[in-house]
Amino acid sequence: MNSIDMPKIGILLPTRGILLNKEPHIDSTLLFSMASMAEEGGLNSIWVGDSLLAKPRLEPLSTLSALAVTTKQIMLGTAVLLAPLRQPAQLAQMAATVDILSKGRLILGLGVGGVFNEAQQREWLAAGVDQTKRGNRMTELMQVCRLLWTQETVNFHGNFYHLENASLGLKPIRPMGIPMLLASHAATGSPAQYRRASNLADGVMGITDSPHLFSEVLTKIKSINSSRKLQTVFYMTININDDPNIAFKEADKFITGYYGQNYWGDKWGPFGPPDAIANRMLEYVEAGVEEIIIRFASVNNQKLQLQTLIEKIIPVLNKKCQYK
């Protein structure tokens, strides 16, 4: 049998999850202890999510700045940053700061976000951004950030952003700037989304798509510009428990609290025993995924879930990859 490459593994830190306990004071120590566990356990990356108002949480780049000085080598990422909520020059400066503090460990997973409910619509309104233009703003924002990171002086004249002789004055560690991964989904995908990923991004990040659908997304993106090698990442929500019913109930409680309702239903998961989760991860690897970001759908057992991932799932997945 031919082996396949073992994927890199990362985890999402619960910057929203620590708010779901409804405690009077937010305790951020869980974030730092999980980051240490992940680094000591040999994981590749730690990630944080983003929302301004709709899904309250700690601000992502500020959080990563703190994690940059409490970790040594693990990669730091956003999954995903709702970039069009921000001005590109401001974002470029903030991201470059985190990259410098972390000695070149930052990855920006970027997304245009959604407008599925009133809370999300109010979020764009509060930021002064026309929600119908967020995709076009993303295109220009990615262009401006790359220019500011790689050129001494920038002149840019777009439909949304204008820069005259602009200089950031500091540069990220890597010569081409900070890698940008673009969230790309079959369910909500558009030709413009695929063009942005193919022409502007350094990688692609999927969520909720089945392995087959994510493989189709990658094929569509590659068909636009086959000359560029893109990093492929999948964001997977799991709950580990030998009893699938308990795993599902705990996951549903977490997801409903996280989003207000369970939008995607059975597209989340897998929820259940370690071997079943390893098998599902393997399906994504076979579909072309190089790194899997794990979000634990658990309100009170995040550290136990992480320990189980490190001790029981990653070794099984590694063995499956070797003997596939």
# chains A, B, ... in the order shown; residues from 1 in each chain; ligands from 1
$ residues_around --residues "Ser184 (chain A)" --least-positions-apart "2" --cutoff "12 Å" --atoms "only C-alpha atoms" --output "PDB file with C-alpha atoms, in the first residue's frame"
ATOM      1  CA  VAL A  80     -11.102  33.386  10.101  1.00  0.00           C
ATOM      2  CA  GLY A 109      -7.079  33.135   7.473  1.00  0.00           C
ATOM      3  CA  LEU A 110      -9.491  35.653   5.943  1.00  0.00           C
ATOM      4  CA  GLY A 111     -13.210  35.549   5.189  1.00  0.00           C
ATOM      5  CA  VAL A 112     -15.909  37.898   3.956  1.00  0.00           C
ATOM      6  CA  GLY A 113     -18.274  36.764   6.736  1.00  0.00           C
ATOM      7  CA  GLY A 135     -16.405  40.745  -1.254  1.00  0.00           C
ATOM      8  CA  LEU A 181      -5.563  31.989   3.365  1.00  0.00           C
ATOM      9  CA  LEU A 182      -9.001  32.675   1.939  1.00  0.00           C
ATOM     10  CA  ALA A 186     -18.909  25.168  -2.121  1.00  0.00           C
ATOM     11  CA  ALA A 187     -22.207  26.028  -0.421  1.00  0.00           C
ATOM     12  CA  THR A 188     -21.708  29.797  -0.534  1.00  0.00           C
ATOM     13  CA  GLY A 189     -19.023  29.962  -3.192  1.00  0.00           C
ATOM     14  CA  SER A 190     -19.106  32.438  -6.025  1.00  0.00           C
ATOM     15  CA  PRO A 191     -16.868  32.852  -9.072  1.00  0.00           C
ATOM     16  CA  ALA A 192     -15.430  35.989  -7.445  1.00  0.00           C
ATOM     17  CA  GLN A 193     -14.524  34.025  -4.318  1.00  0.00           C
ATOM     18  CA  TYR A 194     -12.642  31.457  -6.364  1.00  0.00           C
ATOM     19  CA  ARG A 195     -10.841  34.158  -8.367  1.00  0.00           C
ATOM     20  CA  ARG A 196      -9.684  35.911  -5.178  1.00  0.00           C
ATOM     21  CA  ALA A 197      -8.376  32.644  -3.787  1.00  0.00           C
ATOM     22  CA  SER A 198      -6.585  31.689  -6.991  1.00  0.00           C
ATOM     23  CA  ALA A 201      -4.330  34.185  -1.634  1.00  0.00           C
ATOM     24  CA  GLY A 203      -3.949  29.206   0.499  1.00  0.00           C
ATOM     25  CA  VAL A 204      -7.529  28.028   0.827  1.00  0.00           C
ATOM     26  CA  MET A 205      -9.492  27.271   3.994  1.00  0.00           C
ATOM     27  CA  GLY A 206     -12.667  25.188   3.962  1.00  0.00           C
ATOM     28  CA  ILE A 207     -15.400  24.634   6.534  1.00  0.00           C
ATOM     29  CA  THR A 208     -18.573  22.463   6.574  1.00  0.00           C
ATOM     30  CA  ASP A 209     -18.013  21.161   3.028  1.00  0.00           C
ATOM     31  CA  LEU A 213     -17.193  19.228  -2.160  1.00  0.00           C
ATOM     32  CA  PHE A 214     -13.934  20.634  -0.819  1.00  0.00           C
ATOM     33  CA  SER A 215     -12.056  18.729  -3.502  1.00  0.00           C
ATOM     34  CA  GLU A 216     -14.364  20.368  -6.069  1.00  0.00           C
ATOM     35  CA  VAL A 217     -13.585  23.791  -4.597  1.00  0.00           C
ATOM     36  CA  LEU A 218      -9.861  23.142  -4.978  1.00  0.00           C
ATOM     37  CA  THR A 219     -10.374  22.008  -8.575  1.00  0.00           C
ATOM     38  CA  LYS A 220     -12.311  25.174  -9.441  1.00  0.00           C
ATOM     39  CA  ILE A 221      -9.660  27.402  -7.891  1.00  0.00           C
ATOM     40  CA  THR A 232      -4.960  23.743   1.695  1.00  0.00           C
ATOM     41  CA  VAL A 233      -6.525  23.885   5.148  1.00  0.00           C
ATOM     42  CA  PHE A 234      -9.782  22.537   6.538  1.00  0.00           C
ATOM     43  CA  TYR A 235     -11.502  23.777   9.704  1.00  0.00           C
TER      44      TYR A 235
END
$ closest_atom_pairs --of "region 183-284 of chain A" --to "region 297-320 of chain A" --cutoff "10 Å" --atoms "only C-alpha atoms" --output "CSV"
residue,atom,partner,partner_atom,distance
A:Met236,CA,A:Ala297,CA,9.9
A:Thr237,CA,A:Ala297,CA,6.2
A:Ile238,CA,A:Ala297,CA,5.7
A:Asn239,CA,A:Ala297,CA,5.3
A:Ile240,CA,A:Gln305,CA,6.3
A:Asn241,CA,A:Gln305,CA,8.7
A:Ala247,CA,A:Ala297,CA,8.8
A:Phe248,CA,A:Ala297,CA,9.1
A:Lys249,CA,A:Ser298,CA,9.8
A:Glu250,CA,A:Ser298,CA,6.1
A:Ala251,CA,A:Ala297,CA,4.7
A:Asp252,CA,A:Ala297,CA,7.7
A:Lys253,CA,A:Ser298,CA,8.0
A:Phe254,CA,A:Ala297,CA,5.5
A:Ile255,CA,A:Ala297,CA,6.6
A:Gly257,CA,A:Val299,CA,9.0
A:Tyr258,CA,A:Ala297,CA,9.3
A:Trp268,CA,A:Ala297,CA,9.6
A:Gly269,CA,A:Ala297,CA,8.8
A:Phe271,CA,A:Ala297,CA,8.7
A:Pro273,CA,A:Ile313,CA,9.1
A:Pro274,CA,A:Ile313,CA,5.4
A:Asp275,CA,A:Ile313,CA,6.8
A:Ala276,CA,A:Ile313,CA,9.2
A:Ile277,CA,A:Ile313,CA,7.4
A:Ala278,CA,A:Leu317,CA,5.2
A:Asn279,CA,A:Leu317,CA,7.3
A:Arg280,CA,A:Leu317,CA,9.6
A:Met281,CA,A:Leu317,CA,7.6
A:Leu282,CA,A:Leu317,CA,6.9
$ select_by_dssp --residues "region 113-301 of chain A" --states "alpha helix (DSSP H)" --output "PDB file with N, CA and C atoms, in the first residue's frame"
ATOM      1  N   GLU A 118     -29.931  39.088  11.827  1.00  0.00           N
ATOM      2  CA  GLU A 118     -29.900  40.517  12.139  1.00  0.00           C
ATOM      3  C   GLU A 118     -28.635  40.914  12.891  1.00  0.00           C
ATOM      4  N   ALA A 119     -28.153  40.034  13.769  1.00  0.00           N
ATOM      5  CA  ALA A 119     -26.942  40.349  14.535  1.00  0.00           C
ATOM      6  C   ALA A 119     -25.752  40.549  13.609  1.00  0.00           C
ATOM      7  N   GLN A 120     -25.616  39.708  12.607  1.00  0.00           N
ATOM      8  CA  GLN A 120     -24.511  39.859  11.662  1.00  0.00           C
ATOM      9  C   GLN A 120     -24.685  41.118  10.815  1.00  0.00           C
ATOM     10  N   GLN A 121     -25.906  41.419  10.431  1.00  0.00           N
ATOM     11  CA  GLN A 121     -26.154  42.634   9.648  1.00  0.00           C
ATOM     12  C   GLN A 121     -25.811  43.874  10.461  1.00  0.00           C
ATOM     13  N   ARG A 122     -26.149  43.863  11.755  1.00  0.00           N
ATOM     14  CA  ARG A 122     -25.820  45.001  12.620  1.00  0.00           C
ATOM     15  C   ARG A 122     -24.311  45.153  12.773  1.00  0.00           C
ATOM     16  N   GLU A 123     -23.590  44.048  12.711  1.00  0.00           N
ATOM     17  CA  GLU A 123     -22.140  44.073  12.838  1.00  0.00           C
ATOM     18  C   GLU A 123     -21.514  44.884  11.700  1.00  0.00           C
ATOM     19  N   TRP A 124     -21.957  44.652  10.479  1.00  0.00           N
ATOM     20  CA  TRP A 124     -21.435  45.403   9.334  1.00  0.00           C
ATOM     21  C   TRP A 124     -21.861  46.862   9.420  1.00  0.00           C
ATOM     22  N   LEU A 125     -23.086  47.101   9.883  1.00  0.00           N
ATOM     23  CA  LEU A 125     -23.575  48.470  10.028  1.00  0.00           C
ATOM     24  C   LEU A 125     -22.724  49.232  11.035  1.00  0.00           C
ATOM     25  N   ALA A 126     -22.390  48.582  12.146  1.00  0.00           N
ATOM     26  CA  ALA A 126     -21.591  49.228  13.191  1.00  0.00           C
ATOM     27  C   ALA A 126     -20.194  49.592  12.697  1.00  0.00           C
ATOM     28  N   ARG A 134     -18.841  43.639   0.627  1.00  0.00           N
ATOM     29  CA  ARG A 134     -17.741  43.121   1.430  1.00  0.00           C
ATOM     30  C   ARG A 134     -16.780  42.248   0.609  1.00  0.00           C
ATOM     31  N   GLY A 135     -17.285  41.541  -0.409  1.00  0.00           N
ATOM     32  CA  GLY A 135     -16.405  40.745  -1.254  1.00  0.00           C
ATOM     33  C   GLY A 135     -15.459  41.607  -2.060  1.00  0.00           C
ATOM     34  N   ASN A 136     -15.980  42.671  -2.656  1.00  0.00           N
ATOM     35  CA  ASN A 136     -15.137  43.573  -3.438  1.00  0.00           C
ATOM     36  C   ASN A 136     -14.127  44.299  -2.553  1.00  0.00           C
ATOM     37  N   ARG A 137     -14.543  44.631  -1.339  1.00  0.00           N
ATOM     38  CA  ARG A 137     -13.606  45.254  -0.394  1.00  0.00           C
ATOM     39  C   ARG A 137     -12.483  44.280  -0.043  1.00  0.00           C
ATOM     40  N   MET A 138     -12.823  43.007   0.102  1.00  0.00           N
ATOM     41  CA  MET A 138     -11.809  42.008   0.419  1.00  0.00           C
ATOM     42  C   MET A 138     -10.733  41.964  -0.657  1.00  0.00           C
ATOM     43  N   THR A 139     -11.146  42.007  -1.917  1.00  0.00           N
ATOM     44  CA  THR A 139     -10.181  41.962  -3.019  1.00  0.00           C
ATOM     45  C   THR A 139      -9.185  43.104  -2.908  1.00  0.00           C
ATOM     46  N   GLU A 140      -9.683  44.324  -2.727  1.00  0.00           N
ATOM     47  CA  GLU A 140      -8.786  45.476  -2.625  1.00  0.00           C
ATOM     48  C   GLU A 140      -7.954  45.418  -1.352  1.00  0.00           C
ATOM     49  N   LEU A 141      -8.555  44.991  -0.251  1.00  0.00           N
ATOM     50  CA  LEU A 141      -7.844  44.930   1.025  1.00  0.00           C
ATOM     51  C   LEU A 141      -6.632  43.994   0.930  1.00  0.00           C
ATOM     52  N   MET A 142      -6.821  42.832   0.319  1.00  0.00           N
ATOM     53  CA  MET A 142      -5.707  41.895   0.180  1.00  0.00           C
ATOM     54  C   MET A 142      -4.598  42.497  -0.676  1.00  0.00           C
ATOM     55  N   GLN A 143      -4.973  43.220  -1.722  1.00  0.00           N
ATOM     56  CA  GLN A 143      -3.977  43.860  -2.571  1.00  0.00           C
ATOM     57  C   GLN A 143      -3.204  44.926  -1.800  1.00  0.00           C
ATOM     58  N   VAL A 144      -3.910  45.749  -1.042  1.00  0.00           N
ATOM     59  CA  VAL A 144      -3.259  46.830  -0.299  1.00  0.00           C
ATOM     60  C   VAL A 144      -2.323  46.276   0.768  1.00  0.00           C
ATOM     61  N   CYS A 145      -2.775  45.279   1.517  1.00  0.00           N
ATOM     62  CA  CYS A 145      -1.926  44.698   2.562  1.00  0.00           C
ATOM     63  C   CYS A 145      -0.639  44.147   1.971  1.00  0.00           C
ATOM     64  N   ARG A 146      -0.752  43.419   0.874  1.00  0.00           N
ATOM     65  CA  ARG A 146       0.451  42.845   0.259  1.00  0.00           C
ATOM     66  C   ARG A 146       1.420  43.942  -0.173  1.00  0.00           C
ATOM     67  N   LEU A 147       0.895  45.016  -0.751  1.00  0.00           N
ATOM     68  CA  LEU A 147       1.750  46.123  -1.178  1.00  0.00           C
ATOM     69  C   LEU A 147       2.436  46.783   0.014  1.00  0.00           C
ATOM     70  N   LEU A 148       1.694  47.028   1.080  1.00  0.00           N
ATOM     71  CA  LEU A 148       2.269  47.678   2.256  1.00  0.00           C
ATOM     72  C   LEU A 148       3.341  46.815   2.915  1.00  0.00           C
ATOM     73  N   TRP A 149       3.185  45.507   2.855  1.00  0.00           N
ATOM     74  CA  TRP A 149       4.152  44.595   3.460  1.00  0.00           C
ATOM     75  C   TRP A 149       5.417  44.435   2.627  1.00  0.00           C
ATOM     76  N   THR A 150       5.333  44.698   1.322  1.00  0.00           N
ATOM     77  CA  THR A 150       6.451  44.354   0.439  1.00  0.00           C
ATOM     78  C   THR A 150       7.092  45.549  -0.255  1.00  0.00           C
ATOM     79  N   PRO A 191     -18.047  32.735  -8.199  1.00  0.00           N
ATOM     80  CA  PRO A 191     -16.868  32.852  -9.072  1.00  0.00           C
ATOM     81  C   PRO A 191     -15.856  33.870  -8.555  1.00  0.00           C
ATOM     82  N   ALA A 192     -16.342  34.970  -7.978  1.00  0.00           N
ATOM     83  CA  ALA A 192     -15.430  35.989  -7.445  1.00  0.00           C
ATOM     84  C   ALA A 192     -14.610  35.443  -6.292  1.00  0.00           C
ATOM     85  N   GLN A 193     -15.240  34.634  -5.440  1.00  0.00           N
ATOM     86  CA  GLN A 193     -14.524  34.025  -4.318  1.00  0.00           C
ATOM     87  C   GLN A 193     -13.390  33.145  -4.821  1.00  0.00           C
ATOM     88  N   TYR A 194     -13.665  32.351  -5.827  1.00  0.00           N
ATOM     89  CA  TYR A 194     -12.642  31.457  -6.364  1.00  0.00           C
ATOM     90  C   TYR A 194     -11.528  32.239  -7.055  1.00  0.00           C
ATOM     91  N   ARG A 195     -11.871  33.328  -7.721  1.00  0.00           N
ATOM     92  CA  ARG A 195     -10.841  34.158  -8.367  1.00  0.00           C
ATOM     93  C   ARG A 195      -9.929  34.795  -7.327  1.00  0.00           C
ATOM     94  N   ARG A 196     -10.520  35.313  -6.234  1.00  0.00           N
ATOM     95  CA  ARG A 196      -9.684  35.911  -5.178  1.00  0.00           C
ATOM     96  C   ARG A 196      -8.720  34.884  -4.616  1.00  0.00           C
ATOM     97  N   ALA A 197      -9.232  33.679  -4.354  1.00  0.00           N
ATOM     98  CA  ALA A 197      -8.376  32.644  -3.787  1.00  0.00           C
ATOM     99  C   ALA A 197      -7.257  32.274  -4.744  1.00  0.00           C
ATOM    100  N   SER A 198      -7.572  32.130  -6.017  1.00  0.00           N
ATOM    101  CA  SER A 198      -6.585  31.689  -6.991  1.00  0.00           C
ATOM    102  C   SER A 198      -5.527  32.741  -7.273  1.00  0.00           C
ATOM    103  N   ASN A 199      -5.937  34.001  -7.358  1.00  0.00           N
ATOM    104  CA  ASN A 199      -5.027  35.054  -7.808  1.00  0.00           C
ATOM    105  C   ASN A 199      -4.358  35.841  -6.692  1.00  0.00           C
ATOM    106  N   LEU A 200      -4.980  35.882  -5.493  1.00  0.00           N
ATOM    107  CA  LEU A 200      -4.471  36.753  -4.434  1.00  0.00           C
ATOM    108  C   LEU A 200      -4.021  36.019  -3.178  1.00  0.00           C
ATOM    109  N   PRO A 211     -15.721  16.178   2.140  1.00  0.00           N
ATOM    110  CA  PRO A 211     -14.439  16.014   1.431  1.00  0.00           C
ATOM    111  C   PRO A 211     -14.608  16.136  -0.083  1.00  0.00           C
ATOM    112  N   HIS A 212     -15.677  15.573  -0.623  1.00  0.00           N
ATOM    113  CA  HIS A 212     -15.916  15.642  -2.068  1.00  0.00           C
ATOM    114  C   HIS A 212     -16.121  17.084  -2.521  1.00  0.00           C
ATOM    115  N   LEU A 213     -16.934  17.841  -1.776  1.00  0.00           N
ATOM    116  CA  LEU A 213     -17.193  19.228  -2.160  1.00  0.00           C
ATOM    117  C   LEU A 213     -15.946  20.089  -2.024  1.00  0.00           C
ATOM    118  N   PHE A 214     -15.159  19.843  -0.976  1.00  0.00           N
ATOM    119  CA  PHE A 214     -13.934  20.634  -0.819  1.00  0.00           C
ATOM    120  C   PHE A 214     -12.952  20.330  -1.944  1.00  0.00           C
ATOM    121  N   SER A 215     -12.901  19.081  -2.365  1.00  0.00           N
ATOM    122  CA  SER A 215     -12.056  18.729  -3.502  1.00  0.00           C
ATOM    123  C   SER A 215     -12.515  19.463  -4.759  1.00  0.00           C
ATOM    124  N   GLU A 216     -13.836  19.619  -4.927  1.00  0.00           N
ATOM    125  CA  GLU A 216     -14.364  20.368  -6.069  1.00  0.00           C
ATOM    126  C   GLU A 216     -13.974  21.844  -5.991  1.00  0.00           C
ATOM    127  N   VAL A 217     -14.007  22.400  -4.789  1.00  0.00           N
ATOM    128  CA  VAL A 217     -13.585  23.791  -4.597  1.00  0.00           C
ATOM    129  C   VAL A 217     -12.138  23.967  -5.043  1.00  0.00           C
ATOM    130  N   LEU A 218     -11.272  23.058  -4.610  1.00  0.00           N
ATOM    131  CA  LEU A 218      -9.861  23.142  -4.978  1.00  0.00           C
ATOM    132  C   LEU A 218      -9.679  23.033  -6.490  1.00  0.00           C
ATOM    133  N   THR A 219     -10.459  22.166  -7.121  1.00  0.00           N
ATOM    134  CA  THR A 219     -10.374  22.008  -8.575  1.00  0.00           C
ATOM    135  C   THR A 219     -10.783  23.289  -9.290  1.00  0.00           C
ATOM    136  N   LYS A 220     -11.850  23.928  -8.828  1.00  0.00           N
ATOM    137  CA  LYS A 220     -12.311  25.174  -9.441  1.00  0.00           C
ATOM    138  C   LYS A 220     -11.271  26.280  -9.295  1.00  0.00           C
ATOM    139  N   ILE A 221     -10.669  26.362  -8.125  1.00  0.00           N
ATOM    140  CA  ILE A 221      -9.660  27.402  -7.891  1.00  0.00           C
ATOM    141  C   ILE A 221      -8.428  27.160  -8.754  1.00  0.00           C
ATOM    142  N   LYS A 222      -8.004  25.908  -8.835  1.00  0.00           N
ATOM    143  CA  LYS A 222      -6.820  25.589  -9.641  1.00  0.00           C
ATOM    144  C   LYS A 222      -7.075  25.829 -11.121  1.00  0.00           C
ATOM    145  N   SER A 223      -8.323  25.640 -11.580  1.00  0.00           N
ATOM    146  CA  SER A 223      -8.625  25.825 -13.001  1.00  0.00           C
ATOM    147  C   SER A 223      -8.472  27.276 -13.436  1.00  0.00           C
ATOM    148  N   ILE A 224      -8.550  28.214 -12.487  1.00  0.00           N
ATOM    149  CA  ILE A 224      -8.409  29.639 -12.807  1.00  0.00           C
ATOM    150  C   ILE A 224      -6.952  30.007 -13.003  1.00  0.00           C
ATOM    151  N   PRO A 244     -21.418   8.213  20.932  1.00  0.00           N
ATOM    152  CA  PRO A 244     -21.769   9.220  19.920  1.00  0.00           C
ATOM    153  C   PRO A 244     -22.950  10.096  20.327  1.00  0.00           C
ATOM    154  N   ASN A 245     -23.894   9.555  21.089  1.00  0.00           N
ATOM    155  CA  ASN A 245     -25.058  10.343  21.502  1.00  0.00           C
ATOM    156  C   ASN A 245     -24.656  11.467  22.457  1.00  0.00           C
ATOM    157  N   ILE A 246     -23.774  11.151  23.404  1.00  0.00           N
ATOM    158  CA  ILE A 246     -23.292  12.180  24.326  1.00  0.00           C
ATOM    159  C   ILE A 246     -22.485  13.216  23.554  1.00  0.00           C
ATOM    160  N   ALA A 247     -21.644  12.748  22.624  1.00  0.00           N
ATOM    161  CA  ALA A 247     -20.837  13.664  21.815  1.00  0.00           C
ATOM    162  C   ALA A 247     -21.732  14.617  21.026  1.00  0.00           C
ATOM    163  N   PHE A 248     -22.796  14.091  20.428  1.00  0.00           N
ATOM    164  CA  PHE A 248     -23.687  14.928  19.625  1.00  0.00           C
ATOM    165  C   PHE A 248     -24.409  15.959  20.490  1.00  0.00           C
ATOM    166  N   LYS A 249     -24.906  15.544  21.653  1.00  0.00           N
ATOM    167  CA  LYS A 249     -25.635  16.469  22.521  1.00  0.00           C
ATOM    168  C   LYS A 249     -24.738  17.603  23.017  1.00  0.00           C
ATOM    169  N   GLU A 250     -23.515  17.258  23.413  1.00  0.00           N
ATOM    170  CA  GLU A 250     -22.600  18.299  23.896  1.00  0.00           C
ATOM    171  C   GLU A 250     -22.215  19.241  22.751  1.00  0.00           C
ATOM    172  N   ALA A 251     -22.003  18.670  21.564  1.00  0.00           N
ATOM    173  CA  ALA A 251     -21.641  19.494  20.414  1.00  0.00           C
ATOM    174  C   ALA A 251     -22.786  20.416  20.015  1.00  0.00           C
ATOM    175  N   ASP A 252     -23.991  19.906  20.020  1.00  0.00           N
ATOM    176  CA  ASP A 252     -25.141  20.720  19.644  1.00  0.00           C
ATOM    177  C   ASP A 252     -25.345  21.873  20.623  1.00  0.00           C
ATOM    178  N   LYS A 253     -25.135  21.605  21.903  1.00  0.00           N
ATOM    179  CA  LYS A 253     -25.250  22.659  22.914  1.00  0.00           C
ATOM    180  C   LYS A 253     -24.213  23.753  22.657  1.00  0.00           C
ATOM    181  N   PHE A 254     -22.990  23.342  22.356  1.00  0.00           N
ATOM    182  CA  PHE A 254     -21.920  24.302  22.089  1.00  0.00           C
ATOM    183  C   PHE A 254     -22.213  25.127  20.835  1.00  0.00           C
ATOM    184  N   ILE A 255     -22.574  24.466  19.760  1.00  0.00           N
ATOM    185  CA  ILE A 255     -22.797  25.153  18.483  1.00  0.00           C
ATOM    186  C   ILE A 255     -23.981  26.110  18.582  1.00  0.00           C
ATOM    187  N   THR A 256     -25.050  25.677  19.257  1.00  0.00           N
ATOM    188  CA  THR A 256     -26.212  26.548  19.425  1.00  0.00           C
ATOM    189  C   THR A 256     -25.850  27.775  20.251  1.00  0.00           C
ATOM    190  N   GLY A 257     -25.072  27.589  21.309  1.00  0.00           N
ATOM    191  CA  GLY A 257     -24.633  28.723  22.112  1.00  0.00           C
ATOM    192  C   GLY A 257     -23.685  29.634  21.351  1.00  0.00           C
ATOM    193  N   TYR A 258     -22.866  29.053  20.517  1.00  0.00           N
ATOM    194  CA  TYR A 258     -21.854  29.783  19.754  1.00  0.00           C
ATOM    195  C   TYR A 258     -22.491  30.690  18.707  1.00  0.00           C
ATOM    196  N   TYR A 259     -23.463  30.134  17.974  1.00  0.00           N
ATOM    197  CA  TYR A 259     -24.062  30.857  16.853  1.00  0.00           C
ATOM    198  C   TYR A 259     -25.467  31.391  17.120  1.00  0.00           C
ATOM    199  N   PRO A 274     -12.682   8.270  18.986  1.00  0.00           N
ATOM    200  CA  PRO A 274     -11.455   8.693  18.294  1.00  0.00           C
ATOM    201  C   PRO A 274     -11.256   8.068  16.921  1.00  0.00           C
ATOM    202  N   ASP A 275     -11.518   6.785  16.780  1.00  0.00           N
ATOM    203  CA  ASP A 275     -11.254   6.127  15.511  1.00  0.00           C
ATOM    204  C   ASP A 275     -12.143   6.680  14.398  1.00  0.00           C
ATOM    205  N   ALA A 276     -13.401   6.966  14.724  1.00  0.00           N
ATOM    206  CA  ALA A 276     -14.319   7.518  13.720  1.00  0.00           C
ATOM    207  C   ALA A 276     -13.868   8.911  13.295  1.00  0.00           C
ATOM    208  N   ILE A 277     -13.384   9.686  14.239  1.00  0.00           N
ATOM    209  CA  ILE A 277     -12.907  11.034  13.911  1.00  0.00           C
ATOM    210  C   ILE A 277     -11.645  10.956  13.057  1.00  0.00           C
ATOM    211  N   ALA A 278     -10.739  10.037  13.403  1.00  0.00           N
ATOM    212  CA  ALA A 278      -9.525   9.862  12.599  1.00  0.00           C
ATOM    213  C   ALA A 278      -9.879   9.451  11.172  1.00  0.00           C
ATOM    214  N   ASN A 279     -10.874   8.596  11.013  1.00  0.00           N
ATOM    215  CA  ASN A 279     -11.291   8.171   9.675  1.00  0.00           C
ATOM    216  C   ASN A 279     -11.814   9.348   8.855  1.00  0.00           C
ATOM    217  N   ARG A 280     -12.596  10.218   9.495  1.00  0.00           N
ATOM    218  CA  ARG A 280     -13.129  11.381   8.783  1.00  0.00           C
ATOM    219  C   ARG A 280     -12.003  12.343   8.409  1.00  0.00           C
ATOM    220  N   MET A 281     -11.052  12.530   9.288  1.00  0.00           N
ATOM    221  CA  MET A 281      -9.905  13.384   8.980  1.00  0.00           C
ATOM    222  C   MET A 281      -9.139  12.825   7.786  1.00  0.00           C
ATOM    223  N   LEU A 282      -9.001  11.512   7.734  1.00  0.00           N
ATOM    224  CA  LEU A 282      -8.297  10.864   6.629  1.00  0.00           C
ATOM    225  C   LEU A 282      -8.991  11.141   5.301  1.00  0.00           C
ATOM    226  N   GLU A 283     -10.316  11.186   5.304  1.00  0.00           N
ATOM    227  CA  GLU A 283     -11.057  11.487   4.073  1.00  0.00           C
ATOM    228  C   GLU A 283     -10.699  12.874   3.533  1.00  0.00           C
ATOM    229  N   TYR A 284     -10.515  13.835   4.431  1.00  0.00           N
ATOM    230  CA  TYR A 284     -10.132  15.175   3.997  1.00  0.00           C
ATOM    231  C   TYR A 284      -8.690  15.198   3.473  1.00  0.00           C
ATOM    232  N   VAL A 285      -7.821  14.435   4.101  1.00  0.00           N
ATOM    233  CA  VAL A 285      -6.446  14.343   3.605  1.00  0.00           C
ATOM    234  C   VAL A 285      -6.443  13.790   2.180  1.00  0.00           C
ATOM    235  N   GLU A 286      -7.249  12.773   1.950  1.00  0.00           N
ATOM    236  CA  GLU A 286      -7.336  12.184   0.608  1.00  0.00           C
ATOM    237  C   GLU A 286      -7.930  13.165  -0.399  1.00  0.00           C
TER     238      GLU A 286
END
$ residues_around --residues "Lys8 (chain A)" --least-positions-apart "4" --cutoff "9 Å" --atoms "only C-alpha atoms" --output "list in words"
Leu43, Asn44, Ser45, Glu290, Glu291, Ile292 and Ile293 of chain A
$ write_last_selection --atoms "C-alpha atoms" --output "short mmCIF file (atom, residue, chain, number, x, y, z; two decimals), in the first residue's frame"
data_model
loop_
_atom_site.label_atom_id
_atom_site.label_comp_id
_atom_site.auth_asym_id
_atom_site.auth_seq_id
_atom_site.Cartn_x
_atom_site.Cartn_y
_atom_site.Cartn_z
CA LEU A 43 0.85 20.46 17.03
CA ASN A 44 1.61 22.80 14.16
CA SER A 45 -0.65 25.75 14.92
CA GLU A 290 -2.61 19.56 4.08
CA GLU A 291 -3.59 20.95 7.49
CA ILE A 292 -6.64 20.36 9.68
CA ILE A 293 -7.72 22.92 12.26
#
$ closest_residue --among "A:Leu58, A:Gln322, A:Asp50, A:Ile11" --to "Asp27 (chain A)" --atoms "only C-alpha atoms"
A:Leu58
$ closest_residue --among "A:Ser51, A:Asn225, A:Ser102, A:Thr97" --to "Ala83 (chain A)" --atoms "only C-alpha atoms"
A:Ser51
$ residues_around --residues "Arg105 (chain A)" --least-positions-apart "6" --cutoff "7 Å" --atoms "only C-alpha atoms" --output "ChimeraX atom specification"
/A:75-76,99
$ write_last_selection --atoms "C-alpha atoms" --output "short mmCIF file (atom, residue, chain, number, x, y, z; two decimals), in the first residue's frame"
data_model
loop_
_atom_site.label_atom_id
_atom_site.label_comp_id
_atom_site.auth_asym_id
_atom_site.auth_seq_id
_atom_site.Cartn_x
_atom_site.Cartn_y
_atom_site.Cartn_z
CA MET A 75 2.26 28.89 14.23
CA LEU A 76 -0.40 31.51 15.06
CA ASP A 99 4.32 38.75 12.96
#
